[in-house]
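What follows is one structure encoded as C-alpha cells, with my remarks underneath.
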Amino acid sequence: MKIALIAHDRMKEEIVNLSMAYEGILSEHELYATGTTGLRIMEATSLTLTRFLSGPLGGDQQIGAMIARNEMDLIIFLRDPLTAQPHEPDIIALLRLCDVHKIPFATNLGTAEVLLKALERGELSWREIVHKE
Ligand SMILES: O=C(CO)COP(=O)(O)O
C-alpha cells in the first residue's frame, strides 16, 4: 500500500510519535511525505519515505497528483486546525481529490490510529482490487 504522511508544523511532534508507535506496520508499506514531515520522521525512526516538496511549495499538490492517478491508498494528514496556512487552497484540493477517489484520509490522531489498525488487520485490502480495475 502507498501511504502519505503529512503534518503541519504544530502537529509534527504528533506525526513523529505516531510513526514511532506504528513503525512496525508502516515499515511494511511504501511511504511518502511532504518535505519537512518526511525529514522529521526519518530522523526519528528507521523508516524510509519518498519526500516531496514542502507543503507550502507544492508538496500537497504532488501527493494530489498521485491520488488523481489512483496511486495513493491512504493519507494521514495531521492538519493544524488553529493556524491559517498560506497554501490552504492546496490542502482543500487534496481533501477533495481524496473524496473523488474514495481514498481513506485521516486528519487527526484519533482517526489515524483507527486507520492504521485497520491497515494492520488487512481491512484496506479492497484498495488492491481497485488497482486491478
Ligand atoms: O504544509 C504541509 C502540508 O500542507 C506540510 O509540509 P511540510 O511537511 O514540508 O512541513
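Here, A, B, ... name the chains of the C-alpha cells in the order displayed, residue numbers run from 1 inside each chain, and ligands are numbered from 1 in the same displayed order.
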
Subject >> Those of segment 34-118 of chain A in DSSP helix (DSSP H, G or I), formatted as number ranges by chain >> reply: A: 35-44, 55-57, 59-68, 88-101, 109-118

Would you save the residues from that selection as a PDB file, in the first residue's frame, using C-alpha atoms?
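Everything below was put into selection22.pdb:
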```pdb
ATOM      1  CA  GLY A  35       9.310  17.610   2.676  1.00  0.00           C
ATOM      2  CA  THR A  36       9.693  18.599   6.311  1.00  0.00           C
ATOM      3  CA  THR A  37       7.340  15.964   7.688  1.00  0.00           C
ATOM      4  CA  GLY A  38       9.296  13.233   5.900  1.00  0.00           C
ATOM      5  CA  LEU A  39      12.601  14.564   7.187  1.00  0.00           C
ATOM      6  CA  ARG A  40      11.352  14.664  10.791  1.00  0.00           C
ATOM      7  CA  ILE A  41      10.020  11.079  10.561  1.00  0.00           C
ATOM      8  CA  MET A  42      13.239   9.762   9.029  1.00  0.00           C
ATOM      9  CA  GLU A  43      15.304  11.456  11.750  1.00  0.00           C
ATOM     10  CA  ALA A  44      13.224   9.799  14.485  1.00  0.00           C
ATOM     11  CA  GLY A  55       3.584  21.696   1.625  1.00  0.00           C
ATOM     12  CA  PRO A  56       3.645  25.464   1.009  1.00  0.00           C
ATOM     13  CA  LEU A  57       5.893  24.908  -2.019  1.00  0.00           C
ATOM     14  CA  GLY A  59       4.080  19.091  -1.766  1.00  0.00           C
ATOM     15  CA  ASP A  60       0.349  18.654  -1.162  1.00  0.00           C
ATOM     16  CA  GLN A  61      -0.256  19.050  -4.869  1.00  0.00           C
ATOM     17  CA  GLN A  62       2.397  16.462  -5.714  1.00  0.00           C
ATOM     18  CA  ILE A  63       0.612  13.970  -3.462  1.00  0.00           C
ATOM     19  CA  GLY A  64      -2.685  15.084  -5.019  1.00  0.00           C
ATOM     20  CA  ALA A  65      -1.297  14.172  -8.440  1.00  0.00           C
ATOM     21  CA  MET A  66      -0.668  10.610  -7.203  1.00  0.00           C
ATOM     22  CA  ILE A  67      -4.250  10.427  -5.910  1.00  0.00           C
ATOM     23  CA  ALA A  68      -5.575  11.613  -9.265  1.00  0.00           C
ATOM     24  CA  GLU A  88      -4.987  26.447   2.176  1.00  0.00           C
ATOM     25  CA  PRO A  89      -6.293  26.020  -1.415  1.00  0.00           C
ATOM     26  CA  ASP A  90      -3.806  23.169  -1.956  1.00  0.00           C
ATOM     27  CA  ILE A  91      -4.965  21.473   1.234  1.00  0.00           C
ATOM     28  CA  ILE A  92      -8.634  21.731   0.254  1.00  0.00           C
ATOM     29  CA  ALA A  93      -7.753  20.386  -3.199  1.00  0.00           C
ATOM     30  CA  LEU A  94      -6.037  17.364  -1.630  1.00  0.00           C
ATOM     31  CA  LEU A  95      -9.084  16.631   0.533  1.00  0.00           C
ATOM     32  CA  ARG A  96     -11.364  16.995  -2.443  1.00  0.00           C
ATOM     33  CA  LEU A  97      -9.341  14.569  -4.580  1.00  0.00           C
ATOM     34  CA  CYS A  98      -9.437  12.010  -1.771  1.00  0.00           C
ATOM     35  CA  ASP A  99     -13.226  12.294  -1.742  1.00  0.00           C
ATOM     36  CA  VAL A 100     -13.371  11.987  -5.531  1.00  0.00           C
ATOM     37  CA  HIS A 101     -11.275   8.809  -5.477  1.00  0.00           C
ATOM     38  CA  LEU A 109      -4.630  11.375  15.574  1.00  0.00           C
ATOM     39  CA  GLY A 110      -7.822   9.554  16.624  1.00  0.00           C
ATOM     40  CA  THR A 111      -8.761   8.650  13.061  1.00  0.00           C
ATOM     41  CA  ALA A 112      -5.150   7.992  12.104  1.00  0.00           C
ATOM     42  CA  GLU A 113      -4.883   5.271  14.743  1.00  0.00           C
ATOM     43  CA  VAL A 114      -8.155   3.665  13.651  1.00  0.00           C
ATOM     44  CA  LEU A 115      -6.956   3.564  10.034  1.00  0.00           C
ATOM     45  CA  LEU A 116      -3.519   2.189  10.913  1.00  0.00           C
ATOM     46  CA  LYS A 117      -5.107  -0.573  12.986  1.00  0.00           C
ATOM     47  CA  ALA A 118      -7.468  -1.334  10.105  1.00  0.00           C
TER      48      ALA A 118
END
```

Tell me which protein, DNA and RNA residues are within 7 Å of segment 72-85 of chain A, counting only C-alpha atoms, leaving out same-chain ones fewer than 3 positions away, and put them as a PDB file with C-alpha atoms, in the first residue's frame.
```pdb
ATOM      1  CA  MET A   1       0.000   0.000   0.000  1.00  0.00           C
ATOM      2  CA  LYS A   2       1.134   3.540  -0.688  1.00  0.00           C
ATOM      3  CA  ILE A   3       0.706   5.771   2.329  1.00  0.00           C
ATOM      4  CA  ALA A   4       1.260   9.524   2.613  1.00  0.00           C
ATOM      5  CA  LEU A   5       2.190  11.132   5.927  1.00  0.00           C
ATOM      6  CA  ILE A   6       1.756  14.884   6.230  1.00  0.00           C
ATOM      7  CA  ALA A   7       1.633  17.230   9.209  1.00  0.00           C
ATOM      8  CA  HIS A   8       1.513  20.956   9.726  1.00  0.00           C
ATOM      9  CA  ARG A  10       2.377  22.382  15.205  1.00  0.00           C
ATOM     10  CA  MET A  11       1.457  18.731  14.548  1.00  0.00           C
ATOM     11  CA  MET A  66      -0.668  10.610  -7.203  1.00  0.00           C
ATOM     12  CA  ILE A  67      -4.250  10.427  -5.910  1.00  0.00           C
ATOM     13  CA  GLU A  88      -4.987  26.447   2.176  1.00  0.00           C
ATOM     14  CA  ILE A 103      -9.174   7.405  -0.506  1.00  0.00           C
ATOM     15  CA  PRO A 104      -9.160   6.916   3.293  1.00  0.00           C
ATOM     16  CA  PHE A 105      -7.988  10.197   4.804  1.00  0.00           C
ATOM     17  CA  ALA A 106      -7.258  10.862   8.483  1.00  0.00           C
ATOM     18  CA  THR A 107      -6.969  14.475   9.620  1.00  0.00           C
ATOM     19  CA  ASN A 108      -6.373  13.842  13.314  1.00  0.00           C
ATOM     20  CA  LEU A 109      -4.630  11.375  15.574  1.00  0.00           C
ATOM     21  CA  ALA A 112      -5.150   7.992  12.104  1.00  0.00           C
ATOM     22  CA  ARG A 127      -7.627  -0.923  -2.459  1.00  0.00           C
TER      23      ARG A 127
END
```

Original post:
Which is closer to ligand 1 than all the others in A:Thr50, A:Glu120, A:His87, A:Leu26, using only C-alpha atoms and all ligand atoms?
Top reply: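 The shortest atom-to-atom distance to ligand 1 comes from A:His87.
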
Original post:
Between A:Asn17, A:Ser54, A:Ser27, A:Ser46, which is the closest to ligand 1 once you count only C-alpha atoms and all ligand atoms?
Top reply: A:Ser54

Original post:
What does the distance between atom CA of Phe52 of chain A and atom CA of Glu71 of chain A come to in Å, to one decimal place?
Top reply: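 About the pair atom CA of Phe52 of chain A and atom CA of Glu71 of chain A: they are 14.6 Å apart.
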
**OP:** May I have all residues of segment 37-89 of chain A that DSSP, computed from the backbone, assigns to strand (DSSP E), given as JSON, numbers by chain?
**Re:** {"A": [49, 50, 51, 74, 75, 76, 77, 78]}

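Taking atom CA of Ile25 of chain A and atom CA of Gly58 of chain A as the two end points, the separation is 27.8 Å.
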
Original post:
Of the candidates A:Val130, A:Leu47, A:Leu53, A:Leu124, which one gets nearest to Tyr22 of chain A if we count only C-alpha atoms?
Top reply: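 Under the stated criterion, the closest residue is A:Leu47.
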